[in-house]
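What's in final01.cif: mmCIF, C-alpha atoms
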data_input
loop_
_atom_site.group_PDB
_atom_site.id
_atom_site.type_symbol
_atom_site.label_atom_id
_atom_site.label_comp_id
_atom_site.auth_asym_id
_atom_site.auth_seq_id
_atom_site.Cartn_x
_atom_site.Cartn_y
_atom_site.Cartn_z
ATOM 1 C CA MET A 1 82.349 104.774 86.894
ATOM 2 C CA THR A 2 79.492 106.430 88.690
ATOM 3 C CA ALA A 3 80.197 108.243 91.906
ATOM 4 C CA SER A 4 78.879 106.969 95.192
ATOM 5 C CA PRO A 5 75.849 108.723 96.727
ATOM 6 C CA ALA A 6 76.404 112.389 97.396
ATOM 7 C CA ALA A 7 77.499 113.361 100.860
ATOM 8 C CA ALA A 8 75.268 115.386 103.143
ATOM 9 C CA VAL A 9 77.532 118.384 102.542
ATOM 10 C CA PRO A 10 79.677 119.184 99.474
ATOM 11 C CA ARG A 11 82.834 117.100 99.297
ATOM 12 C CA LEU A 12 85.122 120.128 99.489
ATOM 13 C CA ASP A 13 83.297 121.630 102.452
ATOM 14 C CA PRO A 14 85.554 121.399 105.539
ATOM 15 C CA ARG A 15 82.656 119.760 107.400
ATOM 16 C CA HIS A 16 83.072 116.786 105.066
ATOM 17 C CA TYR A 17 86.810 116.188 105.277
ATOM 18 C CA GLU A 18 87.648 117.609 108.726
ATOM 19 C CA PRO A 19 87.110 115.338 111.750
ATOM 20 C CA ALA A 20 84.175 116.417 113.885
ATOM 21 C CA ARG A 21 86.543 116.323 116.842
ATOM 22 C CA VAL A 22 90.335 116.314 116.935
ATOM 23 C CA PRO A 23 91.893 115.100 120.205
ATOM 24 C CA TYR A 24 93.613 117.785 122.276
ATOM 25 C CA GLU A 25 96.941 115.965 121.988
ATOM 26 C CA VAL A 26 96.862 116.682 118.235
ATOM 27 C CA ARG A 27 94.763 119.841 118.128
ATOM 28 C CA ARG A 28 97.232 121.755 120.273
ATOM 29 C CA HIS A 29 99.665 121.661 117.330
ATOM 30 C CA ALA A 30 97.256 123.550 115.060
ATOM 31 C CA GLY A 31 98.828 126.379 113.099
ATOM 32 C CA THR A 32 99.123 128.058 109.730
ATOM 33 C CA PRO A 33 101.724 126.372 107.505
ATOM 34 C CA ASP A 34 104.183 128.500 105.553
ATOM 35 C CA THR A 35 103.565 126.084 102.656
ATOM 36 C CA LEU A 36 100.193 124.934 101.317
ATOM 37 C CA ALA A 37 97.483 125.438 103.935
ATOM 38 C CA VAL A 38 94.526 123.238 104.850
ATOM 39 C CA GLY A 39 92.016 123.026 102.015
ATOM 40 C CA ARG A 40 94.393 124.136 99.261
ATOM 41 C CA PRO A 41 94.739 122.014 96.081
ATOM 42 C CA GLY A 42 96.459 118.733 96.839
ATOM 43 C CA LYS A 43 95.853 118.987 100.588
ATOM 44 C CA VAL A 44 92.395 117.372 100.614
ATOM 45 C CA GLY A 45 92.393 113.745 99.505
ATOM 46 C CA LEU A 46 89.061 112.005 98.974
ATOM 47 C CA LEU A 47 88.251 108.447 97.987
ATOM 48 C CA GLU A 48 84.774 106.914 97.746
ATOM 49 C CA LEU A 49 84.269 103.301 96.720
ATOM 50 C CA ALA A 50 81.063 101.289 96.495
ATOM 51 C CA PHE A 51 81.012 97.520 95.978
ATOM 52 C CA GLU A 52 77.990 95.399 95.066
ATOM 53 C CA ARG A 53 77.376 91.746 94.286
ATOM 54 C CA VAL A 54 76.896 91.386 90.534
ATOM 55 C CA GLY A 55 76.369 87.884 89.204
ATOM 56 C CA GLY A 56 78.929 85.568 90.737
ATOM 57 C CA ARG A 57 81.404 88.113 92.081
ATOM 58 C CA THR A 58 81.831 91.505 93.738
ATOM 59 C CA GLU A 59 82.135 94.506 91.414
ATOM 60 C CA LEU A 60 83.176 98.113 91.980
ATOM 61 C CA THR A 61 79.996 100.030 91.150
ATOM 62 C CA GLY A 62 80.811 103.459 92.591
ATOM 63 C CA HIS A 63 84.111 105.320 92.416
ATOM 64 C CA TYR A 64 85.163 108.894 93.164
ATOM 65 C CA GLN A 65 88.727 109.949 93.854
ATOM 66 C CA LYS A 66 90.572 113.194 94.412
ATOM 67 C CA SER A 67 94.353 113.241 94.509
ATOM 68 C CA PRO A 68 96.387 112.247 96.418
ATOM 69 C CA LEU A 69 94.064 109.282 97.092
ATOM 70 C CA GLN A 70 93.392 106.772 94.328
ATOM 71 C CA ILE A 71 93.077 103.047 93.583
ATOM 72 C CA MET A 72 93.960 100.414 91.036
ATOM 73 C CA ARG A 73 91.047 98.489 89.581
ATOM 74 C CA PRO A 74 89.942 95.523 91.712
ATOM 75 C CA LEU A 75 91.799 92.270 91.090
ATOM 76 C CA TYR A 76 90.534 88.700 91.458
ATOM 77 C CA PHE A 77 93.479 86.457 92.229
ATOM 78 C CA ASP A 78 92.457 84.606 95.385
ATOM 79 C CA PRO A 79 92.208 81.007 94.112
ATOM 80 C CA ALA A 80 89.995 79.974 97.008
ATOM 81 C CA ARG A 81 87.654 82.987 96.626
ATOM 82 C CA PRO A 82 87.522 84.086 92.975
ATOM 83 C CA ASP A 83 84.584 86.337 93.855
ATOM 84 C CA LEU A 84 86.740 88.416 96.231
ATOM 85 C CA ALA A 85 87.548 91.924 94.933
ATOM 86 C CA VAL A 86 91.118 92.734 96.051
ATOM 87 C CA THR A 87 91.601 96.501 95.984
ATOM 88 C CA PHE A 88 94.837 98.407 96.621
ATOM 89 C CA LEU A 89 94.482 101.884 98.143
ATOM 90 C CA MET A 90 97.190 104.240 96.900
ATOM 91 C CA SER A 91 98.526 107.761 97.383
ATOM 92 C CA THR A 92 100.181 109.860 94.705
ATOM 93 C CA GLY A 93 101.791 111.977 97.409
ATOM 94 C CA GLY A 94 104.013 109.211 98.741
ATOM 95 C CA GLY A 95 102.854 109.827 102.281
ATOM 96 C CA ILE A 96 101.024 112.196 104.620
ATOM 97 C CA LEU A 97 102.212 115.811 104.948
ATOM 98 C CA GLN A 98 101.413 118.653 107.323
ATOM 99 C CA ALA A 99 97.925 120.131 106.861
ATOM 100 C CA ASP A 100 96.751 117.091 104.871
ATOM 101 C CA ARG A 101 93.118 116.155 105.357
ATOM 102 C CA LEU A 102 92.323 112.696 103.980
ATOM 103 C CA ARG A 103 88.966 110.915 103.911
ATOM 104 C CA THR A 104 88.122 107.458 102.556
ATOM 105 C CA ASP A 105 84.554 106.089 102.384
ATOM 106 C CA LEU A 106 84.151 102.383 101.635
ATOM 107 C CA HIS A 107 80.682 100.907 101.104
ATOM 108 C CA CYS A 108 80.458 97.129 100.808
ATOM 109 C CA GLY A 109 76.903 96.073 99.983
ATOM 110 C CA ALA A 110 74.988 92.933 100.854
ATOM 111 C CA ASP A 111 76.703 89.619 100.034
ATOM 112 C CA THR A 112 79.906 91.308 98.813
ATOM 113 C CA ALA A 113 83.398 89.921 99.346
ATOM 114 C CA VAL A 114 86.134 92.578 99.472
ATOM 115 C CA HIS A 115 89.786 92.755 100.525
ATOM 116 C CA LEU A 116 91.162 96.267 101.006
ATOM 117 C CA THR A 117 94.810 97.041 101.639
ATOM 118 C CA THR A 118 97.364 99.752 100.953
ATOM 119 C CA GLN A 119 100.055 99.401 98.322
ATOM 120 C CA ALA A 120 102.812 100.234 100.830
ATOM 121 C CA ALA A 121 103.363 101.526 104.352
ATOM 122 C CA THR A 122 101.858 104.928 105.122
ATOM 123 C CA LYS A 123 104.684 107.386 105.782
ATOM 124 C CA VAL A 124 103.817 110.380 107.952
ATOM 125 C CA TYR A 125 106.397 113.038 107.212
ATOM 126 C CA ARG A 126 107.981 115.625 109.490
ATOM 127 C CA MET A 127 105.686 118.551 110.338
ATOM 128 C CA GLU A 128 106.716 122.050 111.373
ATOM 129 C CA HIS A 129 103.228 123.577 111.371
ATOM 130 C CA ASP A 130 99.757 122.144 112.004
ATOM 131 C CA TYR A 131 98.979 118.401 111.838
ATOM 132 C CA ALA A 132 97.388 115.841 109.509
ATOM 133 C CA THR A 133 94.195 113.786 109.733
ATOM 134 C CA GLN A 134 93.027 110.585 108.081
ATOM 135 C CA LEU A 135 89.392 109.454 108.205
ATOM 136 C CA VAL A 136 88.206 106.011 107.105
ATOM 137 C CA ASN A 137 84.497 105.100 107.073
ATOM 138 C CA LEU A 138 83.776 101.477 106.190
ATOM 139 C CA THR A 139 80.249 100.080 105.891
ATOM 140 C CA ALA A 140 79.500 96.358 105.534
ATOM 141 C CA GLY A 141 76.002 95.238 104.542
ATOM 142 C CA PRO A 142 74.172 92.001 105.390
ATOM 143 C CA HIS A 143 76.252 88.850 104.782
ATOM 144 C CA ALA A 144 79.196 90.869 103.448
ATOM 145 C CA TYR A 145 82.725 89.577 104.027
ATOM 146 C CA VAL A 146 85.253 92.439 104.223
ATOM 147 C CA GLU A 147 88.951 92.523 105.050
ATOM 148 C CA TYR A 148 90.556 95.918 105.700
ATOM 149 C CA LEU A 149 94.245 95.241 106.325
ATOM 150 C CA PRO A 150 96.443 98.271 105.508
ATOM 151 C CA GLU A 151 100.218 98.214 105.711
ATOM 152 C CA PRO A 152 101.840 99.847 108.789
ATOM 153 C CA VAL A 153 101.829 103.543 109.593
ATOM 154 C CA ILE A 154 105.354 104.961 110.028
ATOM 155 C CA PRO A 155 105.388 108.308 111.895
ATOM 156 C CA PHE A 156 108.572 110.246 111.097
ATOM 157 C CA VAL A 157 110.321 112.605 113.499
ATOM 158 C CA ASP A 158 108.107 115.537 114.620
ATOM 159 C CA SER A 159 105.008 114.212 112.803
ATOM 160 C CA ARG A 160 101.499 114.718 114.184
ATOM 161 C CA LEU A 161 98.677 112.502 112.987
ATOM 162 C CA TYR A 162 95.115 111.780 114.006
ATOM 163 C CA GLN A 163 93.339 108.914 112.287
ATOM 164 C CA ARG A 164 89.750 107.867 112.911
ATOM 165 C CA THR A 165 88.317 104.628 111.571
ATOM 166 C CA VAL A 166 84.597 103.935 111.820
ATOM 167 C CA LEU A 167 83.367 100.425 111.006
ATOM 168 C CA THR A 168 79.606 100.267 110.509
ATOM 169 C CA VAL A 169 78.883 96.548 110.457
ATOM 170 C CA ASP A 170 75.561 94.830 109.893
ATOM 171 C CA PRO A 171 74.945 92.095 112.513
ATOM 172 C CA GLU A 172 75.083 89.495 109.705
ATOM 173 C CA ALA A 173 78.303 90.829 108.181
ATOM 174 C CA THR A 174 81.926 89.825 108.816
ATOM 175 C CA VAL A 175 84.711 92.411 108.983
ATOM 176 C CA LEU A 176 88.408 91.867 109.674
ATOM 177 C CA ALA A 177 90.228 95.144 110.318
ATOM 178 C CA GLY A 178 93.909 95.572 111.107
ATOM 179 C CA GLU A 179 96.102 98.427 112.265
ATOM 180 C CA THR A 180 99.873 98.576 112.784
ATOM 181 C CA VAL A 181 102.045 101.504 113.845
ATOM 182 C CA LEU A 182 105.828 101.519 114.016
ATOM 183 C CA ALA A 183 107.935 103.576 116.405
ATOM 184 C CA GLY A 184 109.487 105.384 113.429
ATOM 185 C CA ARG A 185 112.088 104.762 110.729
ATOM 186 C CA LEU A 186 113.687 101.880 112.579
ATOM 187 C CA ALA A 187 116.441 101.236 110.018
ATOM 188 C CA ARG A 188 117.698 104.770 110.679
ATOM 189 C CA GLY A 189 117.572 104.336 114.436
ATOM 190 C CA GLU A 190 114.594 106.689 114.687
ATOM 191 C CA ARG A 191 112.332 105.583 117.514
ATOM 192 C CA ASN A 192 109.473 107.491 119.111
ATOM 193 C CA ALA A 193 110.648 110.808 117.706
ATOM 194 C CA TYR A 194 107.186 111.816 116.457
ATOM 195 C CA ARG A 195 105.185 114.445 118.336
ATOM 196 C CA VAL A 196 101.914 112.534 118.561
ATOM 197 C CA PHE A 197 100.139 109.577 116.995
ATOM 198 C CA ALA A 198 96.451 109.423 117.892
ATOM 199 C CA SER A 199 93.987 106.839 116.644
ATOM 200 C CA ASP A 200 90.321 106.069 117.305
ATOM 201 C CA LEU A 201 88.612 102.953 115.981
ATOM 202 C CA GLU A 202 84.851 102.699 116.396
ATOM 203 C CA VAL A 203 82.587 99.747 115.698
ATOM 204 C CA ARG A 204 78.946 100.652 115.158
ATOM 205 C CA ARG A 205 75.740 99.026 113.989
ATOM 206 C CA PRO A 206 73.764 100.453 111.043
ATOM 207 C CA GLY A 207 71.474 102.341 113.416
ATOM 208 C CA GLY A 208 74.458 104.129 114.957
ATOM 209 C CA GLU A 209 74.716 102.024 118.127
ATOM 210 C CA LEU A 210 78.283 101.994 119.452
ATOM 211 C CA VAL A 211 79.583 98.450 119.937
ATOM 212 C CA ALA A 212 83.268 99.067 120.666
ATOM 213 C CA LEU A 213 85.755 101.942 120.843
ATOM 214 C CA ASP A 214 89.530 101.587 120.832
ATOM 215 C CA THR A 215 91.467 104.754 121.612
ATOM 216 C CA VAL A 216 95.239 105.098 121.205
ATOM 217 C CA ARG A 217 97.218 108.183 122.219
ATOM 218 C CA LEU A 218 101.002 107.952 121.802
ATOM 219 C CA GLU A 219 103.145 110.936 122.773
ATOM 220 C CA PRO A 220 106.900 110.591 123.262
ATOM 221 C CA SER A 221 108.025 111.727 126.693
ATOM 222 C CA PRO A 222 109.596 115.183 127.128
ATOM 223 C CA GLY A 223 113.132 115.226 125.849
ATOM 224 C CA GLY A 224 112.557 112.256 123.550
ATOM 225 C CA GLY A 225 110.708 114.057 120.785
ATOM 226 C CA GLY A 226 113.651 114.992 118.612
ATOM 227 C CA GLY A 227 116.470 112.659 119.446
ATOM 228 C CA GLY A 228 114.989 109.477 118.081
ATOM 229 C CA GLY A 229 117.110 107.252 120.302
ATOM 230 C CA ARG A 230 115.879 104.018 121.797
ATOM 231 C CA GLY A 231 115.628 105.709 125.163
ATOM 232 C CA ALA A 232 112.756 107.890 123.971
ATOM 233 C CA GLY A 233 109.684 106.675 125.805
ATOM 234 C CA VAL A 234 105.985 106.874 125.100
ATOM 235 C CA THR A 235 103.386 108.045 127.585
ATOM 236 C CA GLY A 236 99.622 107.644 127.521
ATOM 237 C CA PRO A 237 97.048 104.840 127.792
ATOM 238 C CA ALA A 238 99.046 102.598 125.443
ATOM 239 C CA VAL A 239 102.684 102.270 126.496
ATOM 240 C CA LEU A 240 105.057 100.569 124.084
ATOM 241 C CA ALA A 241 107.536 99.765 126.890
ATOM 242 C CA GLY A 242 110.554 99.862 124.595
ATOM 243 C CA HIS A 243 108.938 97.914 121.768
ATOM 244 C CA ASP A 244 108.959 99.135 118.173
ATOM 245 C CA VAL A 245 105.726 97.743 116.728
ATOM 246 C CA MET A 246 102.103 97.774 117.886
ATOM 247 C CA SER A 247 99.535 95.800 115.875
ATOM 248 C CA SER A 248 95.826 95.190 116.321
ATOM 249 C CA LEU A 249 93.347 92.922 114.560
ATOM 250 C CA TYR A 250 89.597 93.272 115.065
ATOM 251 C CA VAL A 251 87.307 90.429 113.965
ATOM 252 C CA LEU A 252 83.559 91.050 113.857
ATOM 253 C CA SER A 253 81.510 88.096 112.720
ATOM 254 C CA PRO A 254 78.383 86.027 113.419
ATOM 255 C CA LEU A 255 79.961 83.010 111.665
ATOM 256 C CA ALA A 256 81.526 81.625 114.864
ATOM 257 C CA PRO A 257 81.099 82.234 118.599
ATOM 258 C CA ALA A 258 83.166 85.151 119.875
ATOM 259 C CA ALA A 259 84.989 82.918 122.363
ATOM 260 C CA ARG A 260 85.995 80.553 119.560
ATOM 261 C CA ILE A 261 87.331 83.444 117.459
ATOM 262 C CA ALA A 262 89.362 84.639 120.446
ATOM 263 C CA ASP A 263 90.771 81.138 120.998
ATOM 264 C CA VAL A 264 91.826 80.859 117.349
ATOM 265 C CA LEU A 265 93.562 84.250 117.475
ATOM 266 C CA HIS A 266 95.391 83.261 120.636
ATOM 267 C CA GLU A 267 96.496 79.896 119.270
ATOM 268 C CA ALA A 268 97.828 81.504 116.082
ATOM 269 C CA VAL A 269 99.928 84.077 117.924
ATOM 270 C CA VAL A 270 101.183 81.575 120.495
ATOM 271 C CA GLY A 271 102.727 79.608 117.631
ATOM 272 C CA CYS A 272 104.466 82.706 116.280
ATOM 273 C CA GLY A 273 105.696 83.649 119.727
ATOM 274 C CA GLN A 274 107.304 80.246 120.123
ATOM 275 C CA GLU A 275 109.014 80.625 116.737
ATOM 276 C CA TYR A 276 110.143 84.258 116.955
ATOM 277 C CA GLY A 277 110.015 85.157 120.638
ATOM 278 C CA GLU A 278 109.878 88.781 121.833
ATOM 279 C CA LEU A 279 106.115 89.103 121.348
ATOM 280 C CA LEU A 280 103.685 90.448 123.909
ATOM 281 C CA TYR A 281 100.013 90.015 123.085
ATOM 282 C CA GLY A 282 96.508 89.887 124.446
ATOM 283 C CA VAL A 283 93.205 88.597 123.083
ATOM 284 C CA SER A 284 89.648 89.128 124.279
ATOM 285 C CA VAL A 285 86.076 89.037 123.038
ATOM 286 C CA LEU A 286 84.367 92.223 121.889
ATOM 287 C CA PRO A 287 81.198 93.600 123.513
ATOM 288 C CA GLN A 288 77.876 91.915 122.741
ATOM 289 C CA ASP A 289 79.798 88.787 121.676
ATOM 290 C CA SER A 290 80.196 90.517 118.307
ATOM 291 C CA GLY A 291 83.672 89.067 117.751
ATOM 292 C CA ALA A 292 87.176 89.273 119.202
ATOM 293 C CA TRP A 293 90.323 91.348 118.947
ATOM 294 C CA LEU A 294 94.052 90.951 119.243
ATOM 295 C CA ARG A 295 96.769 93.434 120.196
ATOM 296 C CA LEU A 296 100.458 92.629 120.086
ATOM 297 C CA LEU A 297 103.739 94.398 120.763
ATOM 298 C CA GLY A 298 107.134 93.438 119.413
ATOM 299 C CA SER A 299 110.562 94.715 118.480
ATOM 300 C CA ASP A 300 110.963 92.748 115.252
ATOM 301 C CA THR A 301 108.843 93.980 112.356
ATOM 302 C CA ARG A 302 109.050 90.625 110.586
ATOM 303 C CA ALA A 303 107.908 88.744 113.674
ATOM 304 C CA CYS A 304 104.931 91.059 114.176
ATOM 305 C CA ALA A 305 103.979 90.853 110.497
ATOM 306 C CA ALA A 306 104.195 87.057 110.643
ATOM 307 C CA ALA A 307 102.026 86.952 113.768
ATOM 308 C CA LEU A 308 99.405 89.233 112.234
ATOM 309 C CA ARG A 309 99.327 87.157 109.060
ATOM 310 C CA ALA A 310 99.049 83.930 111.066
ATOM 311 C CA ALA A 311 96.087 85.384 112.943
ATOM 312 C CA TRP A 312 94.442 86.524 109.683
ATOM 313 C CA ASP A 313 94.973 83.110 108.106
ATOM 314 C CA ALA A 314 93.635 81.237 111.132
ATOM 315 C CA VAL A 315 90.503 83.381 111.394
ATOM 316 C CA ARG A 316 89.885 83.053 107.652
ATOM 317 C CA ARG A 317 90.047 79.268 107.890
ATOM 318 C CA LEU A 318 87.640 79.328 110.824
ATOM 319 C CA LEU A 319 85.077 81.703 109.326
ATOM 320 C CA ILE A 320 85.062 80.948 105.583
ATOM 321 C CA GLY A 321 87.085 77.734 105.381
ATOM 322 C CA VAL A 322 89.894 78.997 103.129
ATOM 323 C CA PRO A 323 93.477 80.205 103.755
ATOM 324 C CA ALA A 324 94.743 83.743 103.372
ATOM 325 C CA PRO A 325 96.103 84.455 99.874
ATOM 326 C CA GLU A 326 99.604 85.664 99.095
ATOM 327 C CA LEU A 327 99.616 89.406 98.409
ATOM 328 C CA ARG A 328 102.594 90.507 96.331
ATOM 329 C CA LYS A 329 103.362 94.202 96.699
ATOM 330 C CA THR A 330 106.203 96.158 95.138
#
Same coordinates, now as structure tokens:
Amino acid sequence: MTASPAAAVPRLDPRHYEPARVPYEVRRHAGTPDTLAVGRPGKVGLLELAFERVGGRTELTGHYQKSPLQIMRPLYFDPARPDLAVTFLMSTGGGILQADRLRTDLHCGADTAVHLTTQAATKVYRMEHDYATQLVNLTAGPHAYVEYLPEPVIPFVDSRLYQRTVLTVDPEATVLAGETVLAGRLARGERNAYRVFASDLEVRRPGGELVALDTVRLEPSPGGGGGGGRGAGVTGPAVLAGHDVMSSLYVLSPLAPAARIADVLHEAVVGCGQEYGELLYGVSVLPQDSGAWLRLLGSDTRACAAALRAAWDAVRRLLIGVPAPELRKT
């Protein structure tokens, strides 16, 4: 496969894989690891994918990867959309470690149809020195239909992660982007024992105009950082209030009015709330009537996953007239 267009700076230049700005909540943990340091082999993961419409379906036309980031070849198993390239993003490292710097660039050209997801949950391991960062840049061209729905992020005790996702969406493109973070390894009783989870999601137009910005800063309260008990709280703009799961779904599309997209999201989650209970959620339109977004909190991972899937399925039926496919992951 040919590589995607060269970056403005060399791929292994820190200016390419380091965030331009790391929030203070994360940056204050900077340090020199006593293991592999930032920039050493295996600590910089890069993935660049380019998709184009070729004939009757979407093909992967550009591909560069540097371990620990990699992919399987695109699959075409959605019976309702055989042109849809389903691509699983993978990591050979099994998770994110201290001093990791990861960057993924996804270019979806005009008229493409792409579903991007991770093979499994992203585990963020315990960190004694420094922090980790994960950058995702997704570009959707005119009339593209793109779904970016990774599995949840699980921050382990004492982990420190900053992730920044930038969606550059043509006004005629449709993008569905999801994000879920758990309070920790719930089966082990580990809740809010991480040091900090920070996330920025930006929606921009091709000219660079900022449409929307969602900022999340989660820091367990003093005294709760190492115990992992349910009493450990979370401070900051987003407060989990004792819940274990926070999920978001952003829908950008010109294929339906923003208010209608918001109504469909709300109706889908209302049904799940009646079935499972214990769900808090909110829905609103995005700026410039560019789409709508959903955020939900819950204490049952299955209930939250079901609600997010119901919302994805409902929006899919509204925008492209077909249901969400079954994704089998092992």
Worksheet entry | Residue neighbourhood Leu294 (chain A), 8 Å, all atoms listed in the file, exclusion window fewer than 6 positions, as a ChimeraX atom specification | /A:248-250,262,265-266,281-284
Fill in: Long-range neighbours of region 174-176 of chain A as a list of chain:residue names, 7 Å cut-off, only C-alpha atoms, 3 positions minimum in chain
A:Ala144, A:Tyr145, A:Val146, A:Glu147, A:Tyr148, A:Tyr250, A:Val251, A:Leu252, A:Ser253, A:Pro254
Worksheet item: Nearest to Ala183 (chain A) among A:Ala268, A:Leu201, A:Ile154, A:Leu255, with distances taken over all atoms listed in the file: which residue is it?
Response: A:Ile154
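Proximity to region 62-75 of chain A at 8 Å, evaluated using all atoms listed in the file and with sequence-adjacent residues fewer than 3 positions away removed, yields Met1, Thr2, Ala3, Ser4, Gly42, Lys43, Val44, Gly45, Leu46, Leu47, Glu48, Leu49, Ala50, Phe51, Glu59, Ala85, Val86, Thr87, Phe88, Leu89, Met90, Ser91, Thr92, Gly93 and Leu102 of chain A.
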Selection to disk with C-alpha atoms, as a PDB file, in the coordinates of the input:
ATOM      1  CA  MET A   1      82.349 104.774  86.894  1.00  0.00           C
ATOM      2  CA  THR A   2      79.492 106.430  88.690  1.00  0.00           C
ATOM      3  CA  ALA A   3      80.197 108.243  91.906  1.00  0.00           C
ATOM      4  CA  SER A   4      78.879 106.969  95.192  1.00  0.00           C
ATOM      5  CA  GLY A  42      96.459 118.733  96.839  1.00  0.00           C
ATOM      6  CA  LYS A  43      95.853 118.987 100.588  1.00  0.00           C
ATOM      7  CA  VAL A  44      92.395 117.372 100.614  1.00  0.00           C
ATOM      8  CA  GLY A  45      92.393 113.745  99.505  1.00  0.00           C
ATOM      9  CA  LEU A  46      89.061 112.005  98.974  1.00  0.00           C
ATOM     10  CA  LEU A  47      88.251 108.447  97.987  1.00  0.00           C
ATOM     11  CA  GLU A  48      84.774 106.914  97.746  1.00  0.00           C
ATOM     12  CA  LEU A  49      84.269 103.301  96.720  1.00  0.00           C
ATOM     13  CA  ALA A  50      81.063 101.289  96.495  1.00  0.00           C
ATOM     14  CA  PHE A  51      81.012  97.520  95.978  1.00  0.00           C
ATOM     15  CA  GLU A  59      82.135  94.506  91.414  1.00  0.00           C
ATOM     16  CA  ALA A  85      87.548  91.924  94.933  1.00  0.00           C
ATOM     17  CA  VAL A  86      91.118  92.734  96.051  1.00  0.00           C
ATOM     18  CA  THR A  87      91.601  96.501  95.984  1.00  0.00           C
ATOM     19  CA  PHE A  88      94.837  98.407  96.621  1.00  0.00           C
ATOM     20  CA  LEU A  89      94.482 101.884  98.143  1.00  0.00           C
ATOM     21  CA  MET A  90      97.190 104.240  96.900  1.00  0.00           C
ATOM     22  CA  SER A  91      98.526 107.761  97.383  1.00  0.00           C
ATOM     23  CA  THR A  92     100.181 109.860  94.705  1.00  0.00           C
ATOM     24  CA  GLY A  93     101.791 111.977  97.409  1.00  0.00           C
ATOM     25  CA  LEU A 102      92.323 112.696 103.980  1.00  0.00           C
TER      26      LEU A 102
END
Using the chain letters and numbers from this file, what does the PyMOL selection byres ((chain A and resi 149) around 8) select? Give the answer as a PDB file with C-alpha atoms, keeping the file's coordinate frame.
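Writing done, so here's expr25.pdb:
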ATOM      1  CA  HIS A 115      89.786  92.755 100.525  1.00  0.00           C
ATOM      2  CA  LEU A 116      91.162  96.267 101.006  1.00  0.00           C
ATOM      3  CA  THR A 117      94.810  97.041 101.639  1.00  0.00           C
ATOM      4  CA  THR A 118      97.364  99.752 100.953  1.00  0.00           C
ATOM      5  CA  GLU A 147      88.951  92.523 105.050  1.00  0.00           C
ATOM      6  CA  TYR A 148      90.556  95.918 105.700  1.00  0.00           C
ATOM      7  CA  PRO A 150      96.443  98.271 105.508  1.00  0.00           C
ATOM      8  CA  GLU A 151     100.218  98.214 105.711  1.00  0.00           C
ATOM      9  CA  LEU A 176      88.408  91.867 109.674  1.00  0.00           C
ATOM     10  CA  ALA A 177      90.228  95.144 110.318  1.00  0.00           C
ATOM     11  CA  GLY A 178      93.909  95.572 111.107  1.00  0.00           C
ATOM     12  CA  GLU A 179      96.102  98.427 112.265  1.00  0.00           C
TER      13      GLU A 179
END
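Across A:Gly141, A:Ala310, A:Ala198, A:Val9, the tightest approach to Pro23 (chain A) is made by A:Ala198 when counting all atoms listed in the file.
Using only C-alpha atoms, the protein and nucleic acid residues lying no more than 9 Å from Pro323 (chain A), apart from those fewer than 2 places from it along its own chain, are Ala80, Trp312, Asp313, Ala314, Val315, Arg316, Arg317, Ile320, Gly321 and Pro325 of chain A.
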Writing out the chosen residues with C-alpha atoms as a CSV table (one decimal), keeping the file's coordinate frame:
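So the final result, stored in again_10.csv, reads:
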chain,number,residue,atom,x,y,z
A,80,ALA,CA,90.0,80.0,97.0
A,312,TRP,CA,94.4,86.5,109.7
A,313,ASP,CA,95.0,83.1,108.1
A,314,ALA,CA,93.6,81.2,111.1
A,315,VAL,CA,90.5,83.4,111.4
A,316,ARG,CA,89.9,83.1,107.7
A,317,ARG,CA,90.0,79.3,107.9
A,320,ILE,CA,85.1,80.9,105.6
A,321,GLY,CA,87.1,77.7,105.4
A,325,PRO,CA,96.1,84.5,99.9
Fill in: Contact residues around Leu210 (chain A) with all atoms listed in the file at 12 Å, ignoring same-chain residues under 3 positions, as number ranges by chain
A: 166-169, 201-207, 213-214, 286-288, 290
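Nearest residue to Pro155 (chain A), choosing from A:His143, A:Arg195, A:Arg53, A:Arg11 and counting only C-alpha atoms: A:Arg195.
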Discussion item. Just the number, please: distance in Å from CA of Ala303 (chain A) to CA of Val269 (chain A), one decimal.
Written reply: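 Those two atoms sit 10.2 Å apart.
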Fill in: Target residues per the PyMOL selection byres ((chain A and resi 39) around 9), formatted as a count of residues only
14
